[in-house]
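Asker: Coordinates in structure_26.cif, mmCIF, C-alpha atoms and all ligand atoms, are listed below.
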data_entry
loop_
_atom_site.label_atom_id
_atom_site.label_comp_id
_atom_site.auth_asym_id
_atom_site.auth_seq_id
_atom_site.Cartn_x
_atom_site.Cartn_y
_atom_site.Cartn_z
CA SER E 26 21.67 -20.85 -13.54
CA ASP E 27 20.77 -23.44 -16.18
CA ILE E 28 19.29 -20.72 -18.42
CA GLU E 29 22.09 -19.74 -20.78
CA LYS E 30 23.04 -16.17 -21.51
CA GLY E 31 24.47 -17.24 -24.86
CA THR E 32 26.31 -14.36 -26.46
CA TYR E 33 24.80 -11.81 -24.09
CA SER E 34 26.82 -10.34 -21.25
CA TYR E 35 23.69 -9.79 -19.19
CA TYR E 36 20.36 -11.56 -18.85
CA MET E 37 18.59 -8.23 -18.93
CA LEU E 38 19.60 -7.52 -22.53
CA LYS E 39 18.71 -11.08 -23.58
CA GLU E 40 15.32 -10.69 -21.94
CA ILE E 41 14.71 -7.32 -23.59
CA ASP E 42 15.44 -8.96 -26.95
CA GLU E 43 13.06 -11.85 -26.25
CA GLN E 44 10.05 -9.55 -25.94
CA PRO E 45 8.79 -9.68 -29.56
CA PHE E 46 8.92 -13.49 -29.43
CA VAL E 47 7.15 -13.57 -26.09
CA VAL E 48 4.29 -11.48 -27.50
CA ARG E 49 4.04 -13.84 -30.49
CA LYS E 50 4.08 -16.85 -28.18
CA ILE E 51 1.28 -15.32 -26.11
CA ILE E 52 -0.78 -14.81 -29.28
CA GLN E 53 -0.30 -18.53 -30.03
CA LYS E 54 -1.03 -19.73 -26.52
CA TYR E 55 -4.25 -17.75 -26.27
CA GLN E 56 -5.60 -18.79 -29.66
CA ASP E 57 -8.42 -21.22 -30.47
CA ASN E 58 -8.36 -23.48 -33.53
CA HIS E 59 -10.16 -20.87 -35.62
CA GLY E 60 -7.24 -18.49 -35.12
CA GLU E 61 -9.19 -16.27 -32.73
CA LEU E 62 -7.95 -15.08 -29.35
CA MET E 63 -9.44 -17.06 -26.52
CA VAL E 64 -9.48 -17.08 -22.71
CA ASP E 65 -10.72 -19.88 -20.41
CA GLY E 66 -14.54 -19.70 -20.19
CA LYS E 67 -14.48 -19.80 -16.37
CA ILE E 68 -12.32 -16.70 -16.26
CA ILE E 69 -14.51 -14.84 -18.72
CA SER E 70 -17.61 -15.74 -16.79
CA ALA E 71 -15.98 -14.42 -13.59
CA MET E 72 -15.04 -11.21 -15.45
CA ASN E 73 -18.59 -10.97 -16.72
CA LYS E 74 -20.14 -11.35 -13.27
CA ALA E 75 -17.90 -8.76 -11.65
CA ASP E 76 -19.24 -5.25 -11.08
CA ARG E 77 -15.70 -3.98 -10.42
CA ILE E 78 -12.22 -5.37 -10.94
CA TYR E 79 -9.41 -4.86 -8.42
CA ILE E 80 -5.92 -5.26 -9.81
CA VAL E 81 -3.33 -5.91 -7.09
CA ALA E 82 0.43 -5.98 -7.69
CA CYS E 83 3.86 -4.63 -6.73
CA GLY E 84 6.69 -2.92 -8.61
CA THR E 85 6.78 -3.43 -12.35
CA SER E 86 3.70 -5.66 -12.22
CA TYR E 87 1.81 -2.73 -10.67
CA HIS E 88 2.85 -0.57 -13.62
CA ALA E 89 1.48 -3.22 -16.00
CA GLY E 90 -1.70 -3.17 -13.93
CA LEU E 91 -2.15 0.56 -14.59
CA VAL E 92 -2.09 -0.17 -18.32
CA GLY E 93 -4.43 -3.12 -17.77
CA LYS E 94 -6.99 -0.84 -16.14
CA GLN E 95 -7.14 1.23 -19.34
CA PHE E 96 -7.62 -1.93 -21.40
CA ILE E 97 -10.40 -3.38 -19.27
CA GLU E 98 -12.24 -0.07 -18.91
CA LYS E 99 -11.86 1.09 -22.52
CA ILE E 100 -12.26 -2.27 -24.27
CA ALA E 101 -14.60 -4.20 -21.97
CA ASN E 102 -16.36 -1.33 -20.19
CA VAL E 103 -15.89 -2.72 -16.66
CA PRO E 104 -14.66 -0.35 -13.90
CA VAL E 105 -11.21 -1.17 -12.54
CA GLU E 106 -9.12 -0.04 -9.58
CA VAL E 107 -5.38 -0.70 -9.36
CA HIS E 108 -3.67 -0.99 -5.99
CA VAL E 109 -0.18 -1.69 -4.73
CA ALA E 110 -0.50 -4.79 -2.59
CA SER E 111 1.30 -3.47 0.50
CA GLU E 112 -1.22 -0.62 0.86
CA LEU E 113 -4.30 -2.73 0.23
CA GLY E 114 -3.37 -4.91 3.20
CA TYR E 115 -4.56 -2.26 5.68
CA ASN E 116 -6.56 0.04 3.39
CA MET E 117 -9.15 -2.25 1.86
CA PRO E 118 -11.44 0.00 -0.20
CA LEU E 119 -15.20 -0.15 0.21
CA LEU E 120 -16.05 -3.07 -2.02
CA PRO E 121 -19.06 -3.39 -4.33
CA GLU E 122 -21.30 -6.47 -4.31
CA LYS E 123 -19.32 -8.57 -6.77
CA PRO E 124 -15.66 -7.61 -6.93
CA LEU E 125 -13.13 -9.75 -8.80
CA PHE E 126 -9.48 -9.55 -7.79
CA ILE E 127 -6.68 -9.88 -10.32
CA PHE E 128 -3.21 -10.48 -8.90
CA ILE E 129 -0.38 -9.69 -11.29
CA SER E 130 2.92 -11.24 -10.28
CA GLN E 131 5.81 -12.39 -12.41
CA SER E 132 7.07 -14.78 -9.73
CA GLY E 133 3.75 -15.61 -8.13
CA GLU E 134 5.59 -15.50 -4.80
CA THR E 135 5.48 -11.86 -3.68
CA ALA E 136 4.52 -11.80 0.00
CA ASP E 137 2.71 -8.43 -0.11
CA SER E 138 0.44 -9.68 -2.88
CA ARG E 139 -0.07 -13.03 -1.22
CA ALA E 140 -1.21 -11.37 2.01
CA VAL E 141 -3.99 -9.59 0.10
CA LEU E 142 -4.94 -12.77 -1.74
CA VAL E 143 -5.29 -14.68 1.53
CA LYS E 144 -7.44 -11.84 2.88
CA VAL E 145 -9.83 -11.61 -0.08
CA LYS E 146 -10.19 -15.38 -0.27
CA LYS E 147 -11.17 -15.34 3.43
CA MET E 148 -13.75 -12.68 2.58
CA GLY E 149 -15.20 -15.11 0.05
CA TYR E 150 -14.21 -13.33 -3.17
CA LYS E 151 -12.87 -14.81 -6.39
CA ALA E 152 -9.32 -14.18 -7.54
CA LEU E 153 -7.39 -14.57 -10.75
CA THR E 154 -3.59 -14.71 -10.77
CA MET E 155 -1.60 -13.61 -13.80
CA THR E 156 1.85 -15.10 -13.39
CA ASN E 157 4.88 -16.35 -15.23
CA VAL E 158 5.32 -19.33 -12.94
CA PRO E 159 2.87 -22.25 -13.17
CA GLY E 160 2.24 -23.76 -9.74
CA SER E 161 3.52 -20.68 -7.89
CA THR E 162 1.94 -19.79 -4.56
CA LEU E 163 -0.33 -17.07 -5.95
CA SER E 164 -1.40 -19.36 -8.77
CA ARG E 165 -2.26 -22.21 -6.41
CA GLU E 166 -4.16 -20.05 -3.97
CA ALA E 167 -6.27 -18.18 -6.54
CA ASP E 168 -9.37 -19.55 -8.27
CA TYR E 169 -8.00 -18.97 -11.76
CA THR E 170 -4.61 -18.53 -13.42
CA MET E 171 -3.50 -16.91 -16.65
CA LEU E 172 0.09 -17.69 -17.59
CA LEU E 173 2.44 -15.11 -19.06
CA HIS E 174 4.49 -17.58 -21.14
CA ALA E 175 7.50 -15.25 -20.97
CA GLY E 176 9.98 -17.99 -20.04
CA PRO E 177 12.20 -17.68 -16.95
CA GLU E 178 13.14 -14.09 -16.15
CA ILE E 179 16.53 -14.00 -14.44
CA ALA E 180 17.55 -10.32 -14.36
CA VAL E 181 16.23 -8.61 -11.23
CA ALA E 182 14.90 -5.70 -13.31
CA SER E 183 11.76 -7.03 -14.96
CA THR E 184 11.38 -6.47 -18.71
CA LYS E 185 9.76 -9.28 -20.67
CA ALA E 186 7.35 -10.08 -17.83
CA TYR E 187 6.03 -6.49 -18.06
CA THR E 188 5.31 -6.65 -21.79
CA ALA E 189 3.89 -10.17 -21.37
CA GLN E 190 1.55 -8.91 -18.64
CA ILE E 191 0.37 -6.12 -20.92
CA ALA E 192 -0.28 -8.49 -23.83
CA VAL E 193 -2.18 -10.95 -21.61
CA LEU E 194 -4.21 -8.13 -20.04
CA ALA E 195 -5.18 -6.91 -23.52
CA ILE E 196 -6.31 -10.42 -24.45
CA LEU E 197 -8.33 -10.69 -21.25
CA ALA E 198 -9.97 -7.32 -21.93
CA GLU E 199 -10.85 -8.28 -25.49
CA ALA E 200 -12.29 -11.66 -24.50
CA THR E 201 -14.38 -9.95 -21.83
CA ALA E 202 -15.64 -7.40 -24.34
CA LYS E 203 -16.66 -10.19 -26.73
CA ALA E 204 -18.54 -12.00 -23.98
CA ARG E 205 -20.33 -8.77 -23.13
CA GLY E 206 -21.40 -8.29 -26.75
CA ILE E 207 -19.22 -5.22 -27.29
CA ASN E 208 -18.11 -4.68 -30.88
CA LEU E 209 -14.57 -3.40 -31.19
CA ASP E 210 -13.34 -1.31 -34.08
CA PHE E 211 -10.03 -3.19 -34.24
CA ARG E 212 -8.81 -6.81 -34.23
CA LEU E 213 -6.55 -7.28 -31.23
CA ILE E 214 -4.78 -10.31 -32.68
CA LYS E 215 -3.72 -8.28 -35.70
CA GLU E 216 -2.70 -5.24 -33.63
CA LEU E 217 -0.63 -7.43 -31.28
CA GLY E 218 1.16 -8.86 -34.31
CA ILE E 219 1.92 -5.35 -35.54
CA ALA E 220 3.21 -4.44 -32.07
CA ALA E 221 5.47 -7.53 -32.01
CA SER E 222 7.03 -6.50 -35.31
CA ALA E 223 7.54 -2.95 -34.04
CA MET E 224 9.17 -4.37 -30.88
CA GLU E 225 11.57 -6.31 -33.07
CA ILE E 226 12.54 -3.16 -34.96
CA LEU E 227 13.21 -1.39 -31.64
CA CYS E 228 15.35 -4.23 -30.34
CA ASP E 229 17.52 -3.67 -33.40
CA MET E 230 18.06 -0.02 -32.51
CA LYS E 231 20.39 -0.60 -29.57
CA GLU E 232 23.12 1.68 -30.88
CA GLU E 233 20.77 4.67 -30.97
CA MET E 234 19.66 4.01 -27.41
CA GLU E 235 23.23 3.54 -26.23
CA GLN E 236 24.04 6.90 -27.79
CA ILE E 237 21.07 8.60 -26.09
CA ALA E 238 22.02 7.02 -22.75
CA ARG E 239 25.53 8.39 -23.09
CA GLU E 240 24.31 11.81 -24.15
CA TYR E 241 21.69 12.34 -21.45
CA LEU E 242 22.44 10.06 -18.54
CA ALA E 243 26.17 9.36 -18.34
CA THR E 244 26.87 11.76 -15.48
CA THR E 245 23.49 13.06 -14.36
CA ARG E 246 22.38 12.86 -10.75
CA ASN E 247 18.66 12.78 -11.54
CA CYS E 248 16.23 12.33 -14.40
CA PHE E 249 12.51 12.89 -14.96
CA PHE E 250 10.11 10.95 -17.13
CA ILE E 251 6.95 12.70 -18.19
CA GLY E 252 3.94 11.56 -20.14
CA ARG E 253 0.18 11.76 -20.16
CA SER E 254 -2.36 8.96 -20.09
CA MET E 255 -0.72 5.68 -21.24
CA ASP E 256 2.62 7.47 -21.55
CA TYR E 257 2.46 8.46 -17.89
CA TYR E 258 2.26 4.81 -16.83
CA VAL E 259 5.11 3.84 -19.12
CA GLY E 260 7.12 6.77 -17.74
CA LEU E 261 6.68 5.34 -14.24
CA GLU E 262 8.13 2.06 -15.47
CA GLY E 263 10.97 3.81 -17.31
CA ALA E 264 11.90 5.68 -14.13
CA LEU E 265 11.76 2.50 -12.07
CA LYS E 266 14.06 0.67 -14.53
CA LEU E 267 16.56 3.52 -14.44
CA LYS E 268 16.69 3.80 -10.65
CA GLU E 269 16.79 0.04 -10.10
CA ILE E 270 19.90 -0.61 -12.14
CA SER E 271 21.73 2.72 -12.54
CA TYR E 272 20.95 4.25 -9.10
CA ILE E 273 20.06 7.57 -10.73
CA GLN E 274 17.31 9.39 -8.85
CA ALA E 275 14.52 9.05 -11.41
CA GLU E 276 10.85 9.92 -11.16
CA GLY E 277 7.91 9.52 -13.49
CA PHE E 278 5.29 12.25 -13.59
CA ALA E 279 2.02 13.01 -15.25
CA GLY E 280 2.90 15.85 -17.64
CA GLY E 281 0.34 18.20 -16.14
CA GLU E 282 1.42 17.56 -12.56
CA LEU E 283 5.02 18.65 -12.96
CA LYS E 284 4.19 22.35 -12.58
CA HIS E 285 2.52 21.68 -9.22
CA GLY E 286 5.82 21.17 -7.49
CA THR E 287 8.44 19.04 -9.14
CA ILE E 288 9.35 21.61 -11.78
CA ALA E 289 11.24 23.31 -8.91
CA LEU E 290 13.87 20.58 -9.29
CA ILE E 291 14.63 21.34 -12.92
CA GLU E 292 18.11 22.78 -13.25
CA ASP E 293 20.40 23.52 -16.12
CA GLY E 294 20.85 20.27 -18.01
CA THR E 295 18.39 18.09 -16.03
CA PRO E 296 17.36 15.31 -18.41
CA VAL E 297 13.61 15.11 -18.99
CA ILE E 298 12.48 12.15 -21.03
CA ALA E 299 9.05 12.82 -22.50
CA LEU E 300 6.87 10.17 -24.12
CA ALA E 301 4.54 11.33 -26.87
CA THR E 302 2.61 8.37 -28.31
CA GLN E 303 -0.95 9.48 -27.61
CA ALA E 304 -2.71 11.63 -30.19
CA ASN E 305 -5.23 13.18 -27.79
CA VAL E 306 -2.52 14.59 -25.50
CA ASN E 307 0.22 15.18 -28.02
CA LEU E 308 -0.03 18.97 -27.90
CA SER E 309 -0.22 19.14 -24.11
CA ILE E 310 2.81 16.95 -23.50
CA ARG E 311 4.79 19.01 -25.99
CA GLY E 312 3.67 22.08 -24.05
CA ASN E 313 5.12 20.51 -20.88
CA VAL E 314 8.39 19.91 -22.67
CA LYS E 315 8.51 23.61 -23.56
CA GLU E 316 7.91 24.53 -19.90
CA VAL E 317 10.81 22.42 -18.64
CA THR E 318 13.08 23.42 -21.50
CA ALA E 319 12.49 27.09 -20.65
CA ARG E 320 13.86 26.26 -17.17
CA GLY E 321 17.00 24.70 -18.54
CA ALA E 322 16.04 21.04 -18.86
CA ASN E 323 17.65 18.82 -21.44
CA PRO E 324 14.59 17.34 -23.15
CA CYS E 325 14.51 13.97 -24.89
CA ILE E 326 11.21 13.42 -26.67
CA ILE E 327 10.38 9.85 -27.63
CA SER E 328 7.37 9.95 -29.91
CA MET E 329 5.52 7.64 -32.27
CA LYS E 330 5.37 7.62 -36.06
CA GLY E 331 2.40 9.71 -37.11
CA LEU E 332 2.75 12.07 -34.14
CA GLU E 333 6.40 12.98 -34.52
CA ALA E 334 7.89 16.48 -34.71
CA GLU E 335 11.27 17.83 -35.67
CA GLU E 336 12.47 18.24 -32.09
CA ASP E 337 11.99 14.52 -31.28
CA ARG E 338 15.05 12.52 -30.32
CA PHE E 339 13.61 9.09 -31.08
CA VAL E 340 10.51 7.86 -32.90
CA VAL E 341 8.98 4.41 -32.36
CA PRO E 342 6.96 2.68 -35.12
CA HIS E 343 3.22 3.27 -35.19
CA VAL E 344 1.04 0.82 -33.25
CA HIS E 345 -2.56 0.87 -31.97
CA GLU E 346 -2.96 3.66 -29.39
CA LEU E 347 -3.82 1.20 -26.61
CA LEU E 348 -0.78 -0.98 -27.30
CA THR E 349 1.87 1.75 -27.25
CA PRO E 350 3.31 0.58 -23.89
CA LEU E 351 4.53 -2.60 -25.60
CA VAL E 352 6.77 -0.53 -27.85
CA SER E 353 7.51 2.68 -25.94
CA VAL E 354 8.88 0.77 -22.95
CA ILE E 355 11.65 -0.83 -25.04
CA PRO E 356 13.69 2.36 -25.57
CA LEU E 357 13.30 3.09 -21.85
CA GLN E 358 14.52 -0.40 -20.89
CA LEU E 359 17.48 0.00 -23.22
CA LEU E 360 18.22 3.47 -21.84
CA ALA E 361 18.35 2.06 -18.33
CA TYR E 362 20.49 -0.86 -19.48
CA TYR E 363 23.11 1.22 -21.29
CA THR E 364 23.20 3.83 -18.53
CA ALA E 365 23.86 1.16 -15.90
CA LEU E 366 26.49 -0.43 -18.11
CA HIS E 367 28.16 2.91 -18.72
CA ARG E 368 28.22 3.67 -15.01
CA GLY E 369 29.74 0.31 -14.20
CA CYS E 370 26.74 -1.06 -12.31
CA ASP E 371 25.90 -4.75 -12.06
CA VAL E 372 22.96 -4.78 -14.46
CA ASP E 373 21.52 -8.17 -13.49
CA LYS E 374 22.07 -7.96 -9.74
CA PRO E 375 21.47 -4.41 -8.53
CA ARG E 376 22.28 -3.62 -4.90
CA ASN E 377 19.55 -3.99 -2.25
CA LEU E 378 17.07 -5.64 -4.63
CA ALA E 379 15.74 -9.17 -4.89
CA LYS E 380 14.05 -10.83 -7.85
CA SER E 381 11.15 -11.85 -5.73
CA VAL E 382 10.38 -10.44 -2.32
CA THR E 383 8.93 -13.15 -0.12
CA VAL E 384 8.79 -11.11 3.07
CA GLU E 385 6.16 -8.44 3.86
C1 LIG E 401 10.54 -7.28 -6.76
C2 LIG E 401 11.30 -7.19 -8.07
C3 LIG E 401 10.55 -6.31 -9.06
C4 LIG E 401 9.14 -6.81 -9.24
C5 LIG E 401 8.40 -6.90 -7.89
C6 LIG E 401 7.08 -7.63 -8.03
O1 LIG E 401 10.60 -6.07 -6.08
O2 LIG E 401 12.59 -6.67 -7.84
O3 LIG E 401 11.21 -6.35 -10.31
O4 LIG E 401 8.43 -5.98 -10.12
O5 LIG E 401 9.16 -7.63 -6.95
O6 LIG E 401 7.36 -8.97 -8.36
P1 LIG E 401 6.30 -9.97 -8.91
O7 LIG E 401 7.03 -11.28 -9.04
O8 LIG E 401 5.18 -10.04 -7.90
O9 LIG E 401 5.82 -9.46 -10.22
#
What would the structure in this file look like if it were written as structure tokens?
Answerer:
Amino acid sequence: SDIEKGTYSYYMLKEIDEQPFVVRKIIQKYQDNHGELMVDGKIISAMNKADRIYIVACGTSYHAGLVGKQFIEKIANVPVEVHVASELGYNMPLLPEKPLFIFISQSGETADSRAVLVKVKKMGYKALTMTNVPGSTLSREADYTMLLHAGPEIAVASTKAYTAQIAVLAILAEATAKARGINLDFRLIKELGIAASAMEILCDMKEEMEQIAREYLATTRNCFFIGRSMDYYVGLEGALKLKEISYIQAEGFAGGELKHGTIALIEDGTPVIALATQANVNLSIRGNVKEVTARGANPCIISMKGLEAEEDRFVVPHVHELLTPLVSVIPLQLLAYYTALHRGCDVDKPRNLAKSVTVE
């Protein structure tokens, strides 16, 4: 590849480290000359006309879509559904009068997503593609494109594309809110800047994450990620990262759902990584940690400054409650990275996986 790894042994670690810069670049790229965040007027008008948004994606991009739903609903007050592309192909939901489809795809080449795009275009609906690759198939075939500006992502396990998708989705939500005359009680551009700085701090905490990886995941056969609300979605991504590159059986769960079945799998020493970055569910997720600990689990709480408690293993800097995925995902990416490294796995080229899947 003509993209250099420099001093890094793996692209994945380089790409994890690039994330704060990618978020800053996105802030620049989506700024007008008054220093305000800005999105193409045609896209905002399509967002404004829509009575419901359908986000369609696969893998990590789907996980970013789950976060994007929260942004668009909470910031811009438009209802959103998120679907994995392969299911939507044969399970098209009953559509409202004016749906708008948003395809999220790092590569812009994923066949499952493309099949849905072709279908909705045939049905006469508008589509926006959010992609890292200008001129990619999904970009060309959609009505509108928003670029991720993350730079080429080489490692199969997606990292910087995920945080880029989240930043761009936040900007889209804010621009839509503005156009709809909604007054927000925070300035997104400022909060994204704060998040970028926090991301930088986390990228400098590799040794701590390497230590946690060794402590919890060196020899385990399985691992659970729990969280509520935003933390649940980030837990899904953390579990996906871990299974993709370390081959540990990992699952993400909504904290409250664990007791409805999966808690049966908790054995002595089973690692349970719990995210606690959301004030409104802080007590309940800590309650879930107590439940699994009572059954022998080895809990690792990753919380956020302002919500931390003595039992926490790692605390991320404080950021706006909607933007926590940008920071909380970094320790999970690093955990997956160091676990894979420790277990002697090929971090950048995991078995059975492809960077972009161009077959359905
Ligand atoms: C593949 C990759 C994943 C990625 C997914 C969607 O399965 O291995 O890392 O999340 O495709 O890719 P896309 O390019 O559409 O975001």
Asker: For segment 220-227 of chain E, work out the shell of residues within 6 Å, counting only C-alpha atoms and skipping chain neighbours fewer than 6 positions away, then give it as a ChimeraX atom specification.
Answerer: /E:45,342,344,352
Asker: Residues of the last selection are to be written out with C-alpha atoms, as a short mmCIF file (atom, residue, chain, number, x, y, z; two decimals), keeping the file's coordinate frame.
Answerer:
data_model
loop_
_atom_site.label_atom_id
_atom_site.label_comp_id
_atom_site.auth_asym_id
_atom_site.auth_seq_id
_atom_site.Cartn_x
_atom_site.Cartn_y
_atom_site.Cartn_z
CA PRO E 45 8.79 -9.68 -29.56
CA PRO E 342 6.96 2.68 -35.12
CA VAL E 344 1.04 0.82 -33.25
CA VAL E 352 6.77 -0.53 -27.85
#
Asker: Which residues of chain E come within 6 Å of ligand LIG 401 (chain E), and for each one, what is the closest pair of atoms and their distance in Å to one decimal, counting only C-alpha atoms and all ligand atoms, sorted by chain and residue number, as CSV?
Answerer:
residue,atom,partner,partner_atom,distance
E:Cys83,CA,E:LIG401,C6,4.6
E:Gly84,CA,E:LIG401,O4,3.8
E:Thr85,CA,E:LIG401,O4,3.8
E:Ser86,CA,E:LIG401,O9,4.8
E:Ser130,CA,E:LIG401,O9,3.4
E:Gln131,CA,E:LIG401,O9,3.7
E:Ser132,CA,E:LIG401,O7,3.6
E:Gly133,CA,E:LIG401,O7,5.5
E:Thr135,CA,E:LIG401,O8,4.6
E:Val181,CA,E:LIG401,O2,5.3
E:Ala182,CA,E:LIG401,O3,4.8
E:Ser183,CA,E:LIG401,O3,4.7
E:Leu378,CA,E:LIG401,O2,5.6
E:Ala379,CA,E:LIG401,O2,5.0
E:Lys380,CA,E:LIG401,O2,4.4
E:Ser381,CA,E:LIG401,C1,4.7
E:Val382,CA,E:LIG401,C1,5.5
Asker: Store the residues picked out above in a file with C-alpha atoms, as a PDB file, in the frame of the given file.
Answerer:
ATOM      1  CA  CYS E  83       3.860  -4.630  -6.730  1.00  0.00           C
ATOM      2  CA  GLY E  84       6.690  -2.920  -8.610  1.00  0.00           C
ATOM      3  CA  THR E  85       6.780  -3.430 -12.350  1.00  0.00           C
ATOM      4  CA  SER E  86       3.700  -5.660 -12.220  1.00  0.00           C
ATOM      5  CA  SER E 130       2.920 -11.240 -10.280  1.00  0.00           C
ATOM      6  CA  GLN E 131       5.810 -12.390 -12.410  1.00  0.00           C
ATOM      7  CA  SER E 132       7.070 -14.780  -9.730  1.00  0.00           C
ATOM      8  CA  GLY E 133       3.750 -15.610  -8.130  1.00  0.00           C
ATOM      9  CA  THR E 135       5.480 -11.860  -3.680  1.00  0.00           C
ATOM     10  CA  VAL E 181      16.230  -8.610 -11.230  1.00  0.00           C
ATOM     11  CA  ALA E 182      14.900  -5.700 -13.310  1.00  0.00           C
ATOM     12  CA  SER E 183      11.760  -7.030 -14.960  1.00  0.00           C
ATOM     13  CA  LEU E 378      17.070  -5.640  -4.630  1.00  0.00           C
ATOM     14  CA  ALA E 379      15.740  -9.170  -4.890  1.00  0.00           C
ATOM     15  CA  LYS E 380      14.050 -10.830  -7.850  1.00  0.00           C
ATOM     16  CA  SER E 381      11.150 -11.850  -5.730  1.00  0.00           C
ATOM     17  CA  VAL E 382      10.380 -10.440  -2.320  1.00  0.00           C
TER      18      VAL E 382
END
Asker: Enter the distance from atom CA of Ala319 of chain E to atom CA of Asp337 of chain E, in Å, rounded to one decimal.
Answerer: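 Those two atoms sit 16.5 Å apart.
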Asker: Find, counting all atoms listed in the file, the residue in E:Cys248, E:Cys228, E:Leu213, E:Leu119 that gets nearest to Ile100 of chain E.
Answerer: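 Distance minimum relative to Ile100 of chain E lands on E:Leu213.
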Asker: Quick check, in Å to one decimal: how far apart do atom CA of Ile237 of chain E and atom CA of Leu360 of chain E lie?
Answerer: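 Atom CA of Leu360 of chain E lies 7.2 Å from atom CA of Ile237 of chain E.
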Asker: Let me make sure I understand: among E:Ile251, E:Leu290, E:Ala200, E:Val317, which one has the smallest atom-to-atom distance to Thr302 of chain E if we use only C-alpha atoms?
Answerer: E:Ile251
Asker: Looking at E:Ala264, E:Val259, E:Ile291, E:Leu142, which one is nearest to Thr188 of chain E, with distances taken over only C-alpha atoms?
Answerer: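 That would be E:Val259, the residue with the smallest distance to Thr188 of chain E.
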Asker: To one decimal place, how far is atom CA of Arg49 of chain E from atom CA of Gly160 of chain E in Å?
Answerer: 23.1 Å
